[in-house]
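Quick notes on the structure that follows.
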Amino acid sequence: MLGVIEYPPGDYENIMAVVATSEGVTRREIGRHRWASPKPMWNMAREGFKRLYDLIPKQQRKDSIKEPWKIPTC
């Protein structure tokens with residue numbers, strides 16, 4: 001994913017990525033970039049997920065919250 005953000009396959013005005021990861025190597029590798037805004041979250045409940053999902057502009061959402069909520073996290 002880091003490669004797609006740094007070297008996108010096309011011309012994009014903005015790229016938004018939401019990543020769930022541990023605090024290990026992945027966080028360090030992404031966090032070293034000035035464009036990154038890491039925000040730690042733990043044990044995200046459905047209401048927290050809804051608040052995060054609501055931050056994505058509506059025109060960029062493809063699904064209602066029901067579909068992304070069902071995606072397995074592991």
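Chains: A, B, ... in order of the structure tokens. Residues: from 1 per chain. Ligands: from 1, in order shown.
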
- Task: For Ala17 of chain A, please output as a list in words all residues within 10 Å (counting only C-alpha atoms; exclusion window: fewer than 4 positions along the same chain).
- Result: Met1, Leu2, Ile5 and Ala36 of chain A

Filtering to N, CA and C atoms, could you give me those residues as a short mmCIF file (atom, residue, chain, number, x, y, z; two decimals), in the first residue's frame?
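Output (result_14.cif):
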data_model
loop_
_atom_site.label_atom_id
_atom_site.label_comp_id
_atom_site.auth_asym_id
_atom_site.auth_seq_id
_atom_site.Cartn_x
_atom_site.Cartn_y
_atom_site.Cartn_z
N MET A 1 0.82 -1.18 0.00
CA MET A 1 0.00 0.00 0.00
C MET A 1 0.87 1.25 0.00
N LEU A 2 1.97 1.22 0.71
CA LEU A 2 2.86 2.38 0.74
C LEU A 2 3.35 2.71 -0.67
N ILE A 5 0.67 4.60 -2.56
CA ILE A 5 0.55 5.99 -2.10
C ILE A 5 1.70 6.83 -2.65
N ALA A 36 2.01 11.59 6.19
CA ALA A 36 1.27 10.65 7.05
C ALA A 36 0.74 11.35 8.29
#

- Message: Considering only alpha helix (DSSP H) as DSSP defines it on the backbone, what residues of chain A qualify? List them as number ranges by chain.
- Response: A: 2-6, 25-31, 46-54, 66-70

- Message: Would you pick out the contacts of segment 29-35 of chain A at 10 Å or less, using only C-alpha atoms, so that residues sharing its chain but fewer than 3 positions from it are not included, and give the list as a list of chain:residue names?
- Response: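 Final neighbour list, sorted by chain and number: A:Met1, A:Leu2, A:Ile5, A:Glu6, A:Val19, A:Gly24, A:Val25, A:Thr26, A:Pro38, A:Lys39.
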
- Query: Do you know which residues are at most 9 Å from segment 45-50 of chain A counting only C-alpha atoms, after dropping those on the same chain fewer than 3 positions away, and could you put them as a list in words?
  - Reply: Trp42, Tyr53, Asp54, Leu55, Ile65 and Trp69 of chain A

File of the preceding selection, C-alpha atoms, as a PDB file, in the first residue's frame:
ATOM      1  CA  TRP A  42      -7.552   0.337  19.918  1.00  0.00           C
ATOM      2  CA  TYR A  53     -16.342   6.040   8.249  1.00  0.00           C
ATOM      3  CA  ASP A  54     -18.311   9.297   8.445  1.00  0.00           C
ATOM      4  CA  LEU A  55     -15.028  11.237   8.006  1.00  0.00           C
ATOM      5  CA  ILE A  65     -21.479   1.258   6.563  1.00  0.00           C
ATOM      6  CA  TRP A  69     -18.260  -3.288   8.876  1.00  0.00           C
TER       7      TRP A  69
END

- Query: Counting only C-alpha atoms, which of A:Gln60, A:Ser37, A:Met44, A:Lys70 gets nearest to Asn14 of chain A?
  - Reply: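 Of A:Gln60, A:Ser37, A:Met44, A:Lys70, the one nearest Asn14 of chain A is A:Gln60, counting only C-alpha atoms.
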
- Using atom CA of Glu13 of chain A and atom CA of Lys66 of chain A as the two end points, give the distance in Å to one decimal. 27.9 Å
